[in-house]
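Asker: Contents of start.pdb (PDB, C-alpha atoms, pLDDT in the B column) are given next:
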ATOM      1  CA  MET A 534      21.911 -49.149   3.673  1.00 62.00           C
ATOM      2  CA  SER A 535      25.121 -47.162   3.752  1.00 92.00           C
ATOM      3  CA  VAL A 536      27.679 -49.468   2.187  1.00 98.00           C
ATOM      4  CA  LEU A 537      30.304 -47.618   0.184  1.00 98.00           C
ATOM      5  CA  ILE A 538      32.923 -48.759  -2.319  1.00 98.00           C
ATOM      6  CA  ASP A 539      35.766 -46.766  -3.796  1.00 98.00           C
ATOM      7  CA  PRO A 540      37.289 -47.248  -7.253  1.00 98.00           C
ATOM      8  CA  PRO A 541      39.682 -50.164  -7.745  1.00 98.00           C
ATOM      9  CA  ASN A 542      42.805 -48.012  -7.498  1.00 96.00           C
ATOM     10  CA  TRP A 543      44.981 -50.101  -5.182  1.00 92.00           C
ATOM     11  CA  PRO A 544      47.398 -52.690  -6.631  1.00 95.00           C
ATOM     12  CA  GLY A 545      47.180 -56.048  -4.932  1.00 92.00           C
ATOM     13  CA  PRO A 546      47.545 -59.789  -5.250  1.00 91.00           C
ATOM     14  CA  ARG A 547      47.070 -61.682  -8.500  1.00 92.00           C
ATOM     15  CA  GLY A 548      47.848 -58.569 -10.564  1.00 95.00           C
ATOM     16  CA  LEU A 549      44.419 -57.077  -9.801  1.00 97.00           C
ATOM     17  CA  MET A 550      43.443 -53.616  -8.658  1.00 98.00           C
ATOM     18  CA  TRP A 551      41.512 -53.490  -5.371  1.00 98.00           C
ATOM     19  CA  SER A 552      38.741 -51.423  -3.763  1.00 98.00           C
ATOM     20  CA  HIS A 553      37.702 -50.834  -0.178  1.00 98.00           C
ATOM     21  CA  LEU A 554      34.190 -51.779   0.943  1.00 98.00           C
ATOM     22  CA  VAL A 555      32.921 -50.032   4.101  1.00 98.00           C
ATOM     23  CA  SER A 556      29.754 -49.087   5.935  1.00 97.00           C
ATOM     24  CA  ASP A 557      29.235 -45.665   7.447  1.00 96.00           C
ATOM     25  CA  ARG A 558      26.435 -47.079   9.598  1.00 96.00           C
ATOM     26  CA  SER A 559      27.622 -50.306  11.283  1.00 96.00           C
ATOM     27  CA  LEU A 560      30.040 -53.188  11.006  1.00 96.00           C
ATOM     28  CA  GLU A 561      27.083 -55.559  11.159  1.00 97.00           C
ATOM     29  CA  GLU A 562      25.689 -53.990   7.994  1.00 97.00           C
ATOM     30  CA  LEU A 563      29.092 -54.280   6.339  1.00 98.00           C
ATOM     31  CA  HIS A 564      29.512 -57.952   7.251  1.00 98.00           C
ATOM     32  CA  ALA A 565      25.986 -58.799   6.060  1.00 98.00           C
ATOM     33  CA  PHE A 566      26.636 -57.064   2.731  1.00 98.00           C
ATOM     34  CA  ALA A 567      29.953 -58.899   2.329  1.00 98.00           C
ATOM     35  CA  VAL A 568      28.155 -62.226   2.812  1.00 98.00           C
ATOM     36  CA  ARG A 569      25.607 -61.286   0.107  1.00 98.00           C
ATOM     37  CA  LEU A 570      28.482 -60.262  -2.158  1.00 98.00           C
ATOM     38  CA  GLY A 571      30.333 -63.510  -1.514  1.00 97.00           C
ATOM     39  CA  VAL A 572      33.417 -61.847  -0.032  1.00 98.00           C
ATOM     40  CA  PRO A 573      35.326 -64.149   2.338  1.00 97.00           C
ATOM     41  CA  GLU A 574      35.824 -63.147   5.992  1.00 96.00           C
ATOM     42  CA  ARG A 575      39.596 -63.151   5.490  1.00 96.00           C
ATOM     43  CA  ALA A 576      39.198 -60.038   3.293  1.00 97.00           C
ATOM     44  CA  PHE A 577      38.137 -57.996   6.351  1.00 97.00           C
ATOM     45  CA  ASP A 578      40.792 -55.640   7.732  1.00 94.00           C
ATOM     46  CA  ARG A 579      39.848 -53.683  10.908  1.00 93.00           C
ATOM     47  CA  ASP A 580      37.081 -51.515   9.369  1.00 95.00           C
ATOM     48  CA  HIS A 581      36.817 -52.500   5.702  1.00 96.00           C
ATOM     49  CA  TYR A 582      36.930 -55.318   3.215  1.00 98.00           C
ATOM     50  CA  ASP A 583      39.500 -55.368   0.441  1.00 97.00           C
ATOM     51  CA  VAL A 584      37.733 -56.485  -2.727  1.00 98.00           C
ATOM     52  CA  PRO A 585      39.159 -57.075  -6.220  1.00 98.00           C
ATOM     53  CA  GLU A 586      38.162 -55.066  -9.242  1.00 98.00           C
ATOM     54  CA  THR A 587      36.182 -58.083 -10.463  1.00 97.00           C
ATOM     55  CA  VAL A 588      33.681 -57.526  -7.624  1.00 97.00           C
ATOM     56  CA  HIS A 589      33.194 -53.739  -7.951  1.00 98.00           C
ATOM     57  CA  ALA A 590      30.309 -53.736 -10.467  1.00 98.00           C
ATOM     58  CA  ARG A 591      28.452 -56.477  -8.590  1.00 98.00           C
ATOM     59  CA  ALA A 592      28.791 -54.558  -5.308  1.00 98.00           C
ATOM     60  CA  VAL A 593      27.244 -51.490  -6.939  1.00 98.00           C
ATOM     61  CA  ALA A 594      24.476 -53.617  -8.480  1.00 98.00           C
ATOM     62  CA  LEU A 595      23.682 -54.984  -4.998  1.00 98.00           C
ATOM     63  CA  GLY A 596      23.365 -51.452  -3.625  1.00 97.00           C
ATOM     64  CA  ALA A 597      26.813 -50.242  -2.612  1.00 98.00           C
ATOM     65  CA  GLU A 598      27.317 -46.556  -3.289  1.00 98.00           C
ATOM     66  CA  ALA A 599      30.313 -45.873  -5.540  1.00 98.00           C
ATOM     67  CA  VAL A 600      32.294 -42.961  -4.076  1.00 98.00           C
ATOM     68  CA  THR A 601      35.793 -41.558  -4.321  1.00 98.00           C
ATOM     69  CA  SER A 602      38.454 -42.890  -1.978  1.00 97.00           C
ATOM     70  CA  ARG A 603      38.547 -39.499  -0.253  1.00 97.00           C
ATOM     71  CA  GLU A 604      34.772 -39.515   0.361  1.00 97.00           C
ATOM     72  CA  LEU A 605      34.864 -43.129   1.560  1.00 97.00           C
ATOM     73  CA  LEU A 606      37.522 -42.304   4.155  1.00 94.00           C
ATOM     74  CA  GLN A 607      35.791 -39.093   5.226  1.00 96.00           C
ATOM     75  CA  ARG A 608      32.462 -40.846   5.752  1.00 95.00           C
ATOM     76  CA  LEU A 609      34.135 -43.738   7.596  1.00 95.00           C
ATOM     77  CA  VAL A 610      35.913 -41.334   9.962  1.00 93.00           C
ATOM     78  CA  THR A 611      32.766 -39.233  10.500  1.00 93.00           C
ATOM     79  CA  SER A 612      30.786 -42.378  11.346  1.00 91.00           C
ATOM     80  CA  GLY A 613      33.188 -43.243  14.159  1.00 83.00           C
ATOM     81  CA  LEU A 614      33.856 -46.683  12.632  1.00 81.00           C
ATOM     82  CA  ARG A 615      37.411 -45.934  11.470  1.00 89.00           C
ATOM     83  CA  ARG A 616      39.903 -48.238  13.203  1.00 86.00           C
ATOM     84  CA  ARG A 617      43.495 -47.233  12.734  1.00 79.00           C
ATOM     85  CA  ARG A 618      46.307 -49.759  12.694  1.00 75.00           C
ATOM     86  CA  GLN A 619      48.026 -50.058  16.065  1.00 67.00           C
ATOM     87  CA  ARG A 620      51.676 -49.079  16.024  1.00 71.00           C
ATOM     88  CA  GLY A 621      53.812 -51.319  18.019  1.00 65.00           C
TER      89      GLY A 621
END
Could you take the file, read its structure, and then write that structure out as structure tokens?
Answerer:
Amino acid sequence: MSVLIDPPNWPGPRGLMWSHLVSDRSLEELHAFAVRLGVPERAFDRDHYDVPETVHARAVALGAEAVTSRELLQRLVTSGLRRRRQRG
């Protein structure tokens, strides 16, 4: 399994800090992990799930690798799974 999570450093809804949950192997792996974690499908955004700080420790306990935001992005790009937002 290659599911990664960065620290909850991103301000978001409900006054919580948020993390990104990604896979550097496949989107199928990422979606399956999100189901196990109980993350709703609506939290998926192109190539990652946005997850609140309240989920971080559980994600790590289930096997996600805690990495820096820089490493998470680097590994996502290297994997070829990075999907940039379309400008329009």
Asker: Please write as number ranges by chain the full residue list that the PyMOL selection byres ((chain A and resi 556-566) around 9) yields on this file.
Answerer: A: 534-538, 554-555, 567-572, 574, 577, 580-582, 592, 595, 597, 605, 608-614
Asker: With distances taken over all atoms listed in the file, which of A:Ser602, A:Arg547, A:Ser552, A:Arg616 is nearest to Val588 of chain A?
Answerer: A:Ser552
Asker: One decimal, Å: what's the distance from atom CA of Ala599 of chain A over to atom CA of Arg579 of chain A, could you say?
Answerer: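 Separating atom CA of Ala599 of chain A from atom CA of Arg579 of chain A is a distance of 20.6 Å.
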Asker: Could you please determine the separation between atom CA of Ala590 of chain A and atom CA of Arg618 of chain A in Å, to one decimal place?
Answerer: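 If I compute the distance from atom CA of Ala590 of chain A to atom CA of Arg618 of chain A, I get 28.4 Å.
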Asker: Report as a VMD selection string all protein, DNA and RNA residues lying within 6 Å of segment 539-545 of chain A, evaluated on all atoms listed in the file, omitting residues in the same chain fewer than 2 positions from it.
Answerer: chain A and resid 549 to 553 586 599 to 602
Asker: How many Å separate atom CA of Arg591 of chain A from atom CA of Arg617 of chain A?
Answerer: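 Between these atoms lies a distance of 27.7 Å.
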Asker: Let me know the centre plus edge lengths, in Å and rounded to one decimal, of a box with edges along x, y and z that contains all listed atoms of segment 600-609 of chain A and is padded by 3 Å on every side, as JSON.
Answerer:
{"center_x": 35.4, "center_y": -41.4, "center_z": 1.6, "size_x": 12.3, "size_y": 10.6, "size_z": 17.9}
